[in-house]
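Shown below: entry_9.txt, with compact mmCIF, C-alpha atoms.
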```
# COMPACT_ATOMS: atom_id res chain seq x y z
CA MET L 16 -4.84 19.92 -11.64
CA ALA L 17 -2.18 17.22 -11.34
CA LYS L 18 -1.66 14.15 -13.52
CA ILE L 19 -1.80 11.23 -11.08
CA LEU L 20 -1.29 7.48 -11.39
CA ILE L 21 -2.79 5.16 -8.79
CA GLY L 22 -0.80 1.95 -9.08
CA CYS L 23 -1.77 -1.57 -8.01
CA GLU L 24 -5.42 -0.79 -7.29
CA THR L 25 -8.61 -2.41 -8.57
CA SER L 26 -11.15 -1.08 -6.07
CA GLY L 27 -11.12 2.47 -7.45
CA ILE L 28 -11.30 3.94 -3.93
CA ALA L 29 -8.14 6.02 -4.27
CA ARG L 30 -8.79 6.89 -7.91
CA ARG L 31 -12.24 8.26 -7.13
CA ALA L 32 -10.93 10.25 -4.16
CA PHE L 33 -8.35 12.04 -6.31
CA GLU L 34 -10.83 12.43 -9.17
CA ALA L 35 -13.25 14.19 -6.80
CA ARG L 36 -10.55 16.82 -6.22
CA GLY L 37 -10.46 17.55 -9.96
CA HIS L 38 -7.24 15.74 -10.87
CA ASP L 39 -6.44 13.91 -14.09
CA VAL L 40 -6.15 10.51 -12.44
CA TRP L 41 -5.78 6.97 -13.73
CA SER L 42 -5.41 3.63 -11.97
CA CYS L 43 -3.60 0.55 -13.18
CA ASP L 44 -3.30 -3.10 -12.21
CA ILE L 45 -2.93 -6.46 -13.89
CA GLU L 46 -6.58 -7.09 -12.94
CA ALA L 47 -9.68 -5.22 -14.12
CA ALA L 48 -11.23 -2.38 -12.11
CA GLU L 49 -14.10 -3.44 -9.88
CA ASP L 50 -16.13 -0.38 -10.90
CA GLY L 51 -15.56 -0.86 -14.63
CA SER L 52 -14.03 2.59 -14.99
CA ASN L 53 -12.58 3.65 -18.32
CA ARG L 54 -9.84 5.37 -16.29
CA HIS L 55 -8.29 2.06 -15.34
CA ILE L 56 -5.48 0.51 -17.37
CA ARG L 57 -4.79 -3.21 -17.21
CA CYS L 58 -1.03 -3.62 -17.28
CA ASP L 59 2.02 -4.57 -15.26
CA ILE L 60 3.15 -1.32 -13.65
CA ARG L 61 6.73 -2.16 -14.68
CA ASP L 62 5.94 -2.24 -18.41
CA GLY L 63 6.36 1.45 -19.26
CA ILE L 64 3.42 3.29 -17.71
CA LEU L 65 5.67 4.86 -15.05
CA ASP L 66 7.46 6.84 -17.78
CA GLU L 67 4.38 8.70 -19.03
CA GLY L 68 4.94 12.04 -17.29
CA TRP L 69 3.04 11.76 -14.01
CA ASP L 70 3.09 14.47 -11.34
CA LEU L 71 2.32 12.02 -8.55
CA LEU L 72 2.43 8.25 -8.15
CA ALA L 73 0.44 6.62 -5.34
CA VAL L 74 0.93 2.85 -5.18
CA MET L 75 -1.82 1.31 -3.11
CA HIS L 76 -1.27 -2.44 -2.76
CA PRO L 77 1.97 -3.70 -4.33
CA PRO L 78 2.72 -7.38 -3.65
CA CYS L 79 4.10 -7.24 -0.11
CA THR L 80 3.18 -10.53 1.55
CA ARG L 81 6.77 -11.80 1.45
CA LEU L 82 8.33 -8.40 2.24
CA CYS L 83 6.53 -7.65 5.50
CA ARG L 84 7.68 -8.71 8.95
CA SER L 85 4.71 -11.03 9.47
CA GLY L 86 5.70 -13.05 6.39
CA ARG L 87 9.36 -13.43 7.34
CA ARG L 88 8.97 -16.86 8.95
CA TRP L 89 7.97 -18.36 5.60
CA MET L 90 11.11 -16.98 3.92
CA SER L 91 13.94 -18.03 6.21
CA GLY L 92 14.85 -19.83 9.39
CA PRO L 93 17.53 -18.51 11.77
CA GLY L 94 19.90 -16.07 10.13
CA LYS L 95 19.23 -15.12 6.52
CA TRP L 96 18.04 -17.39 3.75
CA THR L 97 18.21 -20.62 5.68
CA MET L 98 15.49 -23.22 5.23
CA PRO L 99 12.30 -22.12 7.02
CA ARG L 100 11.16 -24.33 9.87
CA GLN L 101 7.73 -24.51 8.25
CA LEU L 102 6.08 -23.55 4.95
CA PRO L 103 2.43 -22.75 4.15
CA LYS L 104 0.49 -25.90 3.33
CA GLY L 105 0.94 -26.89 -0.29
CA ARG L 106 3.65 -24.30 -1.01
CA THR L 107 7.35 -24.70 -1.76
CA TRP L 108 10.30 -22.57 -0.68
CA ALA L 109 11.01 -21.85 -4.35
CA GLU L 110 7.52 -20.38 -4.71
CA MET L 111 8.06 -18.23 -1.60
CA ARG L 112 11.36 -16.96 -3.01
CA ALA L 113 9.76 -16.18 -6.39
CA GLU L 114 7.00 -14.16 -4.70
CA PHE L 115 9.64 -12.33 -2.67
CA GLU L 116 11.56 -11.41 -5.84
CA GLU L 117 8.33 -10.22 -7.47
CA GLY L 118 7.59 -7.97 -4.51
CA VAL L 119 11.09 -6.50 -4.52
CA SER L 120 10.93 -5.89 -8.28
CA VAL L 121 7.58 -4.07 -8.18
CA PHE L 122 8.47 -1.96 -5.15
CA ALA L 123 11.88 -0.94 -6.53
CA ALA L 124 10.42 -0.07 -9.94
CA CYS L 125 7.84 2.21 -8.35
CA TRP L 126 10.30 3.88 -5.99
CA ASN L 127 12.84 4.46 -8.78
CA ALA L 128 10.23 5.79 -11.21
CA PRO L 129 11.03 9.16 -12.86
CA ILE L 130 8.25 10.85 -10.88
CA GLU L 131 8.89 13.69 -8.43
CA ARG L 132 6.26 12.72 -5.85
CA VAL L 133 5.81 9.10 -4.82
CA ALA L 134 3.79 7.40 -2.07
CA ILE L 135 3.96 3.61 -1.73
CA GLU L 136 1.75 1.82 0.78
CA ASN L 137 3.55 -1.08 2.39
CA PRO L 138 3.91 -2.58 5.88
CA VAL L 139 7.17 -2.32 7.79
CA MET L 140 9.56 -4.61 5.94
CA ASN L 141 11.49 -7.57 7.24
CA ASP L 142 15.29 -7.62 7.23
CA LEU L 143 15.48 -9.72 4.06
CA ALA L 144 13.46 -7.15 2.13
CA LYS L 145 15.34 -4.18 3.58
CA ASP L 146 18.57 -5.69 2.27
CA ARG L 147 17.18 -5.42 -1.27
CA MET L 148 15.64 -1.98 -1.16
CA PRO L 149 16.98 1.21 -2.79
CA THR L 150 19.57 2.92 -0.59
CA ASP L 151 17.59 6.18 -0.44
CA LEU L 152 14.40 4.55 0.87
CA PRO L 153 13.25 6.31 4.08
CA ALA L 154 11.51 4.74 7.04
CA PRO L 155 7.76 4.42 6.45
CA HIS L 156 5.36 7.06 7.74
CA MET L 157 2.87 5.07 9.82
CA VAL L 158 -0.82 6.02 10.10
CA GLN L 159 -4.02 4.40 11.36
CA PRO L 160 -7.49 4.42 9.71
CA PHE L 161 -9.09 5.88 12.85
CA TRP L 162 -7.03 9.06 12.30
CA PHE L 163 -9.27 9.65 9.27
CA GLY L 164 -12.71 8.80 10.62
CA GLU L 165 -12.56 5.05 9.95
CA PRO L 166 -13.38 2.88 13.03
CA ALA L 167 -10.63 0.36 12.46
CA TYR L 168 -7.11 -0.61 13.41
CA LYS L 169 -4.61 -1.28 10.64
CA ALA L 170 -1.11 0.14 10.89
CA THR L 171 -0.46 1.47 7.39
CA GLY L 172 3.01 2.42 6.23
CA TRP L 173 3.66 5.02 3.53
CA TYR L 174 7.07 5.34 1.92
CA LEU L 175 7.21 8.95 0.72
CA ARG L 176 9.34 10.97 -1.67
CA GLY L 177 8.55 14.62 -2.34
CA LEU L 178 5.41 14.51 -0.20
CA THR L 179 4.61 15.54 3.36
CA PRO L 180 3.35 12.93 5.88
CA LEU L 181 -0.42 12.56 6.05
CA ALA L 182 -1.96 14.66 8.82
CA PRO L 183 -5.00 13.29 10.70
CA THR L 184 -8.26 14.78 9.47
CA ASP L 185 -11.01 13.22 11.61
CA PRO L 186 -9.47 11.32 14.55
CA LEU L 187 -11.80 9.01 16.46
CA LYS L 188 -11.55 8.21 20.15
CA GLU L 189 -10.26 4.68 20.59
CA PRO L 190 -12.59 2.18 22.30
CA GLU L 191 -11.71 0.50 25.56
CA ARG L 192 -9.31 -2.37 25.02
CA GLY L 193 -11.12 -5.72 25.04
CA SER L 194 -14.58 -4.19 24.58
CA ASP L 195 -16.96 -5.32 21.83
CA GLU L 196 -16.26 -2.09 19.96
CA TRP L 197 -12.51 -2.67 20.24
CA LYS L 198 -13.00 -6.14 18.76
CA LYS L 199 -14.91 -4.61 15.84
CA TRP L 200 -12.06 -2.19 15.26
CA ASN L 201 -9.75 -5.22 14.99
CA ARG L 202 -11.95 -6.98 12.42
CA ILE L 203 -9.27 -6.82 9.70
CA HIS L 204 -6.81 -8.80 11.80
CA ARG L 205 -9.54 -11.23 12.89
CA MET L 206 -10.75 -12.16 9.40
CA PRO L 207 -11.02 -15.94 8.99
CA PRO L 208 -9.09 -17.63 6.18
CA SER L 209 -10.81 -17.42 2.80
CA ALA L 210 -10.06 -16.93 -0.88
CA GLU L 211 -10.95 -13.24 -0.51
CA ARG L 212 -9.05 -12.59 2.73
CA ALA L 213 -5.91 -11.04 1.20
CA ARG L 214 -7.90 -8.74 -1.09
CA LEU L 215 -10.23 -7.58 1.68
CA ARG L 216 -7.41 -6.99 4.16
CA SER L 217 -5.51 -4.82 1.67
CA ARG L 218 -8.51 -2.70 0.67
CA SER L 219 -8.06 1.07 0.97
CA PHE L 220 -10.00 3.12 3.52
CA PRO L 221 -12.03 5.93 1.86
CA GLY L 222 -11.32 8.35 4.73
CA MET L 223 -7.58 7.88 4.38
CA MET L 224 -7.74 8.20 0.59
CA ASN L 225 -9.79 11.39 0.85
CA ALA L 226 -7.06 12.81 3.09
CA ALA L 227 -4.37 11.71 0.63
CA ALA L 228 -6.23 13.26 -2.29
CA HIS L 229 -6.66 16.52 -0.43
CA GLN L 230 -3.15 16.77 1.02
CA TRP L 231 -0.94 15.10 -1.58
CA GLY L 232 -3.03 15.96 -4.62
CA ASP L 233 -3.25 19.61 -3.70
CA GLN L 234 0.46 19.68 -2.87
CA ALA L 235 1.29 18.30 -6.31
CA SER L 236 -1.05 20.79 -8.00
CA SER L 237 0.37 23.82 -6.19
CA GLN L 238 3.96 22.79 -6.84
CA TYR L 239 3.20 22.10 -10.49
CA ALA L 240 1.52 25.50 -10.86
CA ALA L 241 4.44 27.26 -9.17
CA ALA L 242 6.95 25.56 -11.44
CA ALA L 243 4.93 26.53 -14.54
CA ALA L 244 4.58 30.19 -13.51
```
Entire entry expressed as structure tokens:
Amino acid sequence: MAKILIGCETSGIARRAFEARGHDVWSCDIEAAEDGSNRHIRCDIRDGILDEGWDLLAVMHPPCTRLCRSGRRWMSGPGKWTMPRQLPKGRTWAEMRAEFEEGVSVFAACWNAPIERVAIENPVMNDLAKDRMPTDLPAPHMVQPFWFGEPAYKATGWYLRGLTPLAPTDPLKEPERGSDEWKKWNRIHRMPPSAERARLRSRSFPGMMNAAAHQWGDQASSQYAAAAA
């Protein structure tokens, strides 16, 4: 049994997947858990919880909107840190920069945590974010939900330390491009604007989390047991 922290998650999807494998698992976020679990801690992940002797840290949804490639146009115009050509309605460049700094701070704190095995979910980063990342950060391991039995497209990047890349467990055959089924698989990218859009788009896929719990959780347990023997 490994002691596991699921960071930046409120849905409980990852926590329950690891818990089902028998691990001592806790989640944390600044918001409350949707399922009301008593194994969820409301806190900023940077405020000390990373130092509490975890065997594995899996960070599900750190603030990444300003770090990813799709958000780059709001951060800078041509070159680096020039005034963007356009900003989101009602937002200022100072607010964009503050959110960028927050994302960098959370990601770096998690990656530099004194934990042997770390997995951080994050899209491929833009050049501005890469410039601020730890020097030992590897390229992300990219996976798709349909590798794990989930009929959906969403390229998901995992930055890994001390863990093997996720292996597909239940790959689905992709639908014909342009078909109705293909459009359903793209529903995450086609979500209309709403107050809940960001939360719903970042939600974990149970199939992928079950694979992570099985592969990474068991890896942590076996390595922990071997070290204790």
Among the residues L:Val40, L:Ala128, L:Ile21, L:Leu82, the one that comes closest to Glu114 of chain L [using only C-alpha atoms]:
L:Leu82
Residues within 6 Å of segment 159-169 of chain L, please, as a compact mmCIF listing (two decimals) with C-alpha atoms, in the frame of the given file. Count all atoms listed in the file; anything in the same chain fewer than 2 positions from it doesn't count.
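Saved to around.txt:
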```
# COMPACT_ATOMS: atom_id res chain seq x y z
CA THR L 171 -0.46 1.47 7.39
CA PRO L 183 -5.00 13.29 10.70
CA THR L 184 -8.26 14.78 9.47
CA ASP L 185 -11.01 13.22 11.61
CA PRO L 186 -9.47 11.32 14.55
CA LEU L 187 -11.80 9.01 16.46
CA TRP L 200 -12.06 -2.19 15.26
CA ASN L 201 -9.75 -5.22 14.99
CA GLY L 222 -11.32 8.35 4.73
CA MET L 223 -7.58 7.88 4.38
```
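In this structure, atom CA of Gly94 of chain L sits 10.1 Å away from atom CA of Asp142 of chain L.
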Dig up all the protein and nucleic acid residues within 12 Å of (16.6, 9.0, -2.1) in the file frame, using only C-alpha atoms, and format them as a compact mmCIF listing (two decimals) with C-alpha atoms, in the coordinates of the input.
```
# COMPACT_ATOMS: atom_id res chain seq x y z
CA ALA L 123 11.88 -0.94 -6.53
CA TRP L 126 10.30 3.88 -5.99
CA ASN L 127 12.84 4.46 -8.78
CA ALA L 128 10.23 5.79 -11.21
CA GLU L 131 8.89 13.69 -8.43
CA ARG L 132 6.26 12.72 -5.85
CA VAL L 133 5.81 9.10 -4.82
CA MET L 148 15.64 -1.98 -1.16
CA PRO L 149 16.98 1.21 -2.79
CA THR L 150 19.57 2.92 -0.59
CA ASP L 151 17.59 6.18 -0.44
CA LEU L 152 14.40 4.55 0.87
CA PRO L 153 13.25 6.31 4.08
CA ALA L 154 11.51 4.74 7.04
CA TYR L 174 7.07 5.34 1.92
CA LEU L 175 7.21 8.95 0.72
CA ARG L 176 9.34 10.97 -1.67
CA GLY L 177 8.55 14.62 -2.34
```
Polymer residues at most 10 Å from Cys79 of chain L, all atoms listed in the file, same-chain spacing of 2 or more positions, as an MDAnalysis selection string
chainID L and resid 76:77 81:84 86 114:115 117:119 121:122 136:140 144
Mind pulling up the distance from atom CA of Phe220 of chain L to atom CA of Ala29 of chain L?
8.5 Å
Nearest residue to Pro93 of chain L from the set L:Asp66, L:Arg202, L:Leu143, L:Trp231 (distances using all atoms listed in the file)
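Using all atoms listed in the file, the shortest distance to Pro93 of chain L belongs to L:Leu143.
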For each of L:Gly51, L:Gly68, L:Gly193, L:Gly27, take the minimum atom-to-atom distance to Ile130 of chain L, counting all atoms listed in the file, then give the residue where this is smallest.
L:Gly68
